[in-house]
$ cat start-v3.csv   # CSV, C-alpha atoms and all ligand atoms
chain,number,residue,atom,x,y,z
A,168,MET,CA,31.9,17.1,-94.7
A,169,ALA,CA,30.0,17.3,-91.3
A,170,SER,CA,26.4,18.4,-91.2
A,171,LYS,CA,25.9,22.1,-90.7
A,172,LEU,CA,23.3,21.2,-88.0
A,173,GLN,CA,26.1,20.5,-85.5
A,174,ASN,CA,27.0,24.2,-85.6
A,175,SER,CA,23.7,25.8,-86.3
A,176,HIS,CA,22.1,25.2,-83.0
A,177,PRO,CA,22.2,26.6,-80.2
A,178,PHE,CA,23.9,29.6,-81.6
A,179,GLY,CA,21.4,30.3,-84.4
A,180,ALA,CA,20.7,33.8,-85.7
A,181,SER,CA,21.7,36.9,-83.8
A,182,PRO,CA,22.6,35.3,-80.4
A,183,ALA,CA,22.6,37.6,-77.4
A,184,LYS,CA,25.9,39.4,-77.2
A,185,LYS,CA,27.9,40.0,-74.0
A,186,GLY,CA,26.0,42.5,-71.8
A,187,GLU,CA,23.0,42.5,-74.2
A,188,VAL,CA,19.6,41.8,-72.7
A,189,LYS,CA,17.6,39.8,-75.3
A,190,TYR,CA,14.2,38.1,-75.1
A,191,ASN,CA,13.0,35.1,-77.1
A,192,GLU,CA,9.6,34.9,-78.7
A,193,MET,CA,8.0,33.6,-75.5
A,194,GLY,CA,9.2,36.7,-73.7
A,195,ASN,CA,11.9,35.0,-71.7
A,196,GLU,CA,15.4,36.5,-71.3
A,197,VAL,CA,17.9,34.4,-73.2
A,198,VAL,CA,21.3,33.2,-72.2
A,199,GLU,CA,24.3,35.1,-73.6
A,200,GLY,CA,25.6,33.5,-76.8
A,201,TYR,CA,22.2,32.0,-77.6
A,202,ALA,CA,19.3,33.2,-79.8
A,203,CYS,CA,16.4,31.7,-77.8
A,204,LYS,CA,17.7,29.6,-74.8
A,205,PRO,CA,15.8,30.9,-71.7
A,206,LYS,CA,17.7,31.9,-68.6
A,207,ASP,CA,14.9,30.6,-66.3
A,208,PHE,CA,15.0,27.0,-67.5
A,209,ASP,CA,11.7,25.1,-66.8
A,210,PRO,CA,11.8,21.5,-68.0
A,211,ASN,CA,8.0,21.4,-68.0
A,212,ARG,CA,7.4,24.5,-70.0
A,213,PRO,CA,5.0,23.7,-72.9
A,214,ILE,CA,6.3,24.2,-76.4
A,215,MET,CA,4.9,27.2,-78.2
A,216,HIS,CA,1.8,26.5,-80.3
A,217,TYR,CA,2.1,26.3,-84.0
A,218,LYS,CA,-0.5,25.8,-86.7
A,219,SER,CA,1.9,24.6,-89.4
A,220,LEU,CA,5.4,23.3,-89.2
A,221,VAL,CA,7.9,23.4,-92.0
A,222,PHE,CA,10.8,21.1,-91.7
A,223,LEU,CA,13.6,22.3,-93.9
A,224,CYS,CA,16.4,19.9,-94.6
A,225,ASP,CA,19.7,21.6,-93.6
A,226,ASP,CA,22.0,18.7,-94.1
A,227,GLU,CA,24.9,18.6,-96.4
A,228,ARG,CA,23.4,18.2,-99.9
A,229,CYS,CA,20.3,20.4,-99.3
A,230,ALA,CA,22.2,23.1,-97.5
A,231,LYS,CA,24.7,23.2,-100.4
A,232,ALA,CA,21.9,24.0,-102.8
A,233,GLN,CA,21.0,27.1,-100.8
A,234,LYS,CA,22.8,30.3,-101.2
A,235,ILE,CA,21.6,31.7,-97.9
A,236,ASP,CA,20.6,30.3,-94.5
A,237,LYS,CA,17.1,29.6,-95.5
A,238,ALA,CA,15.7,28.8,-92.1
A,239,VAL,CA,16.8,32.1,-90.7
A,240,HIS,CA,15.5,33.9,-93.8
A,241,LEU,CA,12.1,32.3,-93.7
A,242,ARG,CA,11.7,33.0,-90.0
A,243,GLU,CA,12.3,36.7,-90.8
A,244,LEU,CA,9.7,36.5,-93.6
A,245,LEU,CA,7.2,35.0,-91.1
A,246,LYS,CA,8.0,37.8,-88.6
A,247,GLU,CA,7.2,40.4,-91.3
A,248,MET,CA,3.9,38.6,-92.0
A,249,GLY,CA,3.1,38.4,-88.3
A,250,LEU,CA,3.0,34.6,-88.5
A,251,ASN,CA,5.8,33.9,-86.1
A,252,LYS,CA,3.4,33.8,-83.1
A,253,GLY,CA,-0.2,33.5,-82.3
A,254,LYS,CA,-2.9,31.1,-83.4
A,255,ASN,CA,-1.7,31.0,-87.0
A,256,ARG,CA,2.0,30.6,-86.1
A,257,ILE,CA,4.1,28.8,-88.7
A,258,LYS,CA,7.2,27.2,-87.3
A,259,ILE,CA,10.4,26.5,-89.2
A,260,SER,CA,12.6,23.7,-88.0
A,261,ARG,CA,15.9,22.5,-89.5
A,262,THR,CA,16.3,18.8,-90.0
A,263,GLY,CA,19.1,16.4,-90.9
A,264,CYS,CA,19.0,14.3,-94.1
A,265,PHE,CA,15.6,12.8,-95.0
A,266,GLY,CA,17.3,10.3,-97.3
A,267,ALA,CA,15.7,12.1,-100.3
A,268,CYS,CA,18.8,14.2,-101.4
A,269,ARG,CA,17.9,13.8,-105.1
A,270,PHE,CA,15.0,16.2,-104.5
A,271,ARG,CA,17.0,18.8,-102.7
A,272,GLY,CA,16.2,21.2,-101.2
A,273,VAL,CA,13.7,19.1,-99.4
A,274,ALA,CA,10.9,20.6,-97.2
A,275,HIS,CA,8.3,18.7,-95.3
A,276,ILE,CA,5.1,20.5,-94.2
A,277,THR,CA,3.0,19.2,-91.3
A,278,GLU,CA,-0.1,20.6,-89.7
A,279,ASN,CA,-1.0,20.7,-86.1
A,280,THR,CA,-4.1,18.6,-86.5
A,281,GLN,CA,-4.4,18.1,-82.8
A,282,ALA,CA,-5.2,21.8,-82.5
A,283,ASN,CA,-6.1,23.9,-85.5
A,284,GLY,CA,-4.1,22.4,-88.4
A,285,ASN,CA,-5.7,21.4,-91.6
A,286,ALA,CA,-5.4,17.8,-92.9
A,287,TYR,CA,-5.2,19.0,-96.5
A,288,ASN,CA,-1.8,20.3,-96.0
A,289,ASN,CA,-0.5,17.7,-93.6
A,290,SER,CA,2.5,15.7,-94.5
A,291,LEU,CA,3.4,17.3,-97.8
A,292,TRP,CA,6.9,16.9,-99.2
A,293,LEU,CA,8.2,19.6,-101.5
A,294,ARG,CA,11.2,19.4,-103.7
A,295,HIS,CA,13.7,22.0,-105.0
A,296,THR,CA,12.6,24.6,-102.5
A,297,HIS,CA,16.0,26.3,-103.0
A,298,THR,CA,14.5,27.7,-106.2
A,299,TYR,CA,11.6,29.4,-104.4
A,300,ASP,CA,11.6,33.1,-104.1
A,301,ASP,CA,10.1,35.1,-101.3
A,302,ALA,CA,6.9,35.7,-103.2
A,303,LYS,CA,6.4,31.9,-103.5
A,304,TRP,CA,7.1,31.3,-99.9
A,305,LYS,CA,4.7,34.1,-98.8
A,306,LYS,CA,2.0,32.6,-101.0
A,307,ILE,CA,2.6,29.2,-99.4
A,308,PHE,CA,2.4,30.7,-95.9
A,309,GLU,CA,-0.8,32.6,-96.8
A,310,LEU,CA,-2.4,29.4,-98.1
A,311,LEU,CA,-1.4,27.5,-95.0
A,312,VAL,CA,-3.0,30.1,-92.7
A,313,GLN,CA,-6.1,30.2,-94.9
A,314,ASP,CA,-6.4,26.4,-94.8
A,315,LYS,CA,-6.4,26.3,-98.6
A,316,PRO,CA,-4.9,23.1,-100.1
A,317,LEU,CA,-1.3,23.7,-101.4
A,318,LYS,CA,-2.0,21.2,-104.1
A,319,GLU,CA,-4.3,23.8,-105.8
A,320,TYR,CA,-1.4,26.3,-106.0
A,321,LEU,CA,1.7,24.3,-106.6
A,322,ASP,CA,2.2,22.1,-109.6
A,323,GLU,CA,2.0,18.4,-109.0
A,324,LYS,CA,5.6,18.0,-110.0
A,325,GLU,CA,6.7,20.2,-107.1
A,326,PHE,CA,5.7,17.5,-104.7
A,327,ILE,CA,7.9,14.6,-103.9
A,328,PRO,CA,6.3,11.4,-105.0
A,329,MET,CA,5.9,8.6,-102.5
A,330,LYS,CA,5.7,5.0,-103.2
A,331,VAL,CA,2.8,3.4,-101.4
A,332,TYR,CA,2.9,-0.3,-100.6
A,333,GLY,CA,-0.4,-1.9,-101.1
B,401,LIG,S1,20.6,16.3,-97.5
B,401,LIG,FE1,18.5,16.9,-97.6
B,401,LIG,S2,17.5,15.0,-98.0
B,401,LIG,FE2,19.6,14.5,-97.8
$ encode --input "start-v3.csv" --output "structure tokens"
Amino acid sequence: MASKLQNSHPFGASPAKKGEVKYNEMGNEVVEGYACKPKDFDPNRPIMHYKSLVFLCDDERCAKAQKIDKAVHLRELLKEMGLNKGKNRIKISRTGCFGACRFRGVAHITENTQANGNAYNNSLWLRHTHTYDDAKWKKIFELLVQDKPLKEYLDEKEFIPMKVYG
């Protein structure tokens, strides 16, 4: 079965319908049929600041474990929390297979340590995130914004172990 990724972008969630005027989160009018592609394409436009970035595996095995489109759902949750923009923005990005399917659904958290990200929560790998409910995701997002270590909230077994060569 082909990856869902091939079809998930650029159409994404709620693309602009014919005749509809829709704006993306940077305030730019979007191309019909797309959720965020701007009409006034600028190849040098900077990417939008984020504090934390959650890579959600959306490839075959992890996607199968989800009952809903988790990336879209978490983006909605972040909007409700006011964390979809601004200095504490949390970005959700889909990825292909991490080669860690046995831990599905896999999520990787990184922090924007070049700006205001916190090293405690940088490069954390979470397993079985398809079992998380909204309350758990919200708590994780809150802790990311507050720069509190996720390792103090989540059980050690919720992190994917990594073999370190020494
Ligand atoms: S499909 Fe998600 S890690 Fe392989």
$ closest_residue --input "start-v3.csv" --among "A:Asp322, A:Glu247, A:Glu278, A:Asp225" --to "ligand LIG 401 (chain B)" --atoms "only C-alpha atoms and all ligand atoms"
A:Asp225
$ residues_near_ligand --input "start-v3.csv" --ligand "ligand LIG 401 (chain B)" --cutoff "6 Å" --atoms "all atoms listed in the file" --output "list in words"
Cys224, Asp226, Glu227, Arg228, Cys229, Cys264, Phe265, Gly266, Ala267, Cys268, Arg271 and Val273 of chain A
$ atom_distance --input "start-v3.csv" --atom1 "atom CA of A:Lys324" --atom2 "atom CA of A:Arg242"
25.7 Å
$ closest_atom_pairs --input "start-v3.csv" --of "stretch 221-275 of chain A" --to "stretch 289-292 of chain A" --cutoff "10 Å" --atoms "all atoms listed in the file" --output "tab-separated table"
residue	atom	partner	partner_atom	distance
A:Val221	CA	A:Leu291	CA	9.5
A:Phe222	CA	A:Trp292	CA	9.4
A:Phe270	CA	A:Trp292	CA	9.7
A:Val273	CA	A:Trp292	CA	7.1
A:Ala274	CA	A:Trp292	CA	5.8
A:His275	CA	A:Trp292	CA	4.5
$ closest_residue --input "start-v3.csv" --among "A:Ser219, A:Ser260, A:Gln233, A:Asn255" --to "A:His297" --atoms "all atoms listed in the file"
A:Gln233
$ build_atoms --input "start-v3.csv" --residues "stretch 182-212 of chain A" --atoms "N, CA and C atoms" --output "CSV table (one decimal), in the frame of the given file"
chain,number,residue,atom,x,y,z
A,182,PRO,N,22.6,35.7,-81.8
A,182,PRO,CA,22.6,35.3,-80.4
A,182,PRO,C,22.8,36.6,-79.6
A,183,ALA,N,22.4,36.5,-78.3
A,183,ALA,CA,22.6,37.6,-77.4
A,183,ALA,C,24.1,37.8,-77.2
A,184,LYS,N,24.5,39.1,-77.4
A,184,LYS,CA,25.9,39.4,-77.2
A,184,LYS,C,26.2,39.7,-75.7
A,185,LYS,N,27.5,39.7,-75.4
A,185,LYS,CA,27.9,40.0,-74.0
A,185,LYS,C,27.3,41.3,-73.5
A,186,GLY,N,26.6,41.3,-72.4
A,186,GLY,CA,26.0,42.5,-71.8
A,186,GLY,C,24.7,42.9,-72.4
A,187,GLU,N,24.3,42.2,-73.5
A,187,GLU,CA,23.0,42.5,-74.2
A,187,GLU,C,21.8,41.8,-73.5
A,188,VAL,N,20.7,42.5,-73.3
A,188,VAL,CA,19.6,41.8,-72.7
A,188,VAL,C,18.6,41.5,-73.9
A,189,LYS,N,18.4,40.2,-74.1
A,189,LYS,CA,17.6,39.8,-75.3
A,189,LYS,C,16.5,38.9,-74.8
A,190,TYR,N,15.3,38.9,-75.5
A,190,TYR,CA,14.2,38.1,-75.1
A,190,TYR,C,13.8,37.2,-76.3
A,191,ASN,N,13.5,36.0,-76.0
A,191,ASN,CA,13.0,35.1,-77.1
A,191,ASN,C,11.5,35.3,-77.3
A,192,GLU,N,11.0,34.6,-78.3
A,192,GLU,CA,9.6,34.9,-78.7
A,192,GLU,C,8.6,34.6,-77.7
A,193,MET,N,8.9,33.8,-76.6
A,193,MET,CA,8.0,33.6,-75.5
A,193,MET,C,8.1,34.6,-74.4
A,194,GLY,N,9.0,35.6,-74.7
A,194,GLY,CA,9.2,36.7,-73.7
A,194,GLY,C,10.1,36.4,-72.6
A,195,ASN,N,11.0,35.4,-72.7
A,195,ASN,CA,11.9,35.0,-71.7
A,195,ASN,C,13.3,35.5,-72.1
A,196,GLU,N,14.0,36.0,-71.1
A,196,GLU,CA,15.4,36.5,-71.3
A,196,GLU,C,16.3,35.3,-71.7
A,197,VAL,N,17.1,35.5,-72.7
A,197,VAL,CA,17.9,34.4,-73.2
A,197,VAL,C,19.4,34.5,-72.6
A,198,VAL,N,20.0,33.3,-72.7
A,198,VAL,CA,21.3,33.2,-72.2
A,198,VAL,C,22.3,33.8,-73.2
A,199,GLU,N,23.3,34.5,-72.7
A,199,GLU,CA,24.3,35.1,-73.6
A,199,GLU,C,24.9,34.0,-74.5
A,200,GLY,N,25.0,34.4,-75.8
A,200,GLY,CA,25.6,33.5,-76.8
A,200,GLY,C,24.5,32.7,-77.5
A,201,TYR,N,23.3,32.8,-77.1
A,201,TYR,CA,22.2,32.0,-77.6
A,201,TYR,C,21.1,32.9,-78.2
A,202,ALA,N,20.3,32.4,-79.2
A,202,ALA,CA,19.3,33.2,-79.8
A,202,ALA,C,18.0,33.0,-79.0
A,203,CYS,N,17.8,31.9,-78.4
A,203,CYS,CA,16.4,31.7,-77.8
A,203,CYS,C,16.5,30.9,-76.5
A,204,LYS,N,17.6,30.4,-76.0
A,204,LYS,CA,17.7,29.6,-74.8
A,204,LYS,C,17.3,30.4,-73.6
A,205,PRO,N,16.2,30.1,-72.9
A,205,PRO,CA,15.8,30.9,-71.7
A,205,PRO,C,16.8,30.8,-70.5
A,206,LYS,N,16.9,31.9,-69.8
A,206,LYS,CA,17.7,31.9,-68.6
A,206,LYS,C,17.0,31.1,-67.5
A,207,ASP,N,15.7,31.3,-67.4
A,207,ASP,CA,14.9,30.6,-66.3
A,207,ASP,C,14.4,29.2,-66.9
A,208,PHE,N,15.3,28.2,-66.9
A,208,PHE,CA,15.0,27.0,-67.5
A,208,PHE,C,13.9,26.2,-66.7
A,209,ASP,N,12.8,25.9,-67.4
A,209,ASP,CA,11.7,25.1,-66.8
A,209,ASP,C,11.5,23.9,-67.7
A,210,PRO,N,11.9,22.7,-67.2
A,210,PRO,CA,11.8,21.5,-68.0
A,210,PRO,C,10.4,21.1,-68.4
A,211,ASN,N,9.4,21.7,-67.7
A,211,ASN,CA,8.0,21.4,-68.0
A,211,ASN,C,7.3,22.5,-68.8
A,212,ARG,N,8.0,23.5,-69.2
A,212,ARG,CA,7.4,24.5,-70.0
A,212,ARG,C,6.9,24.0,-71.3
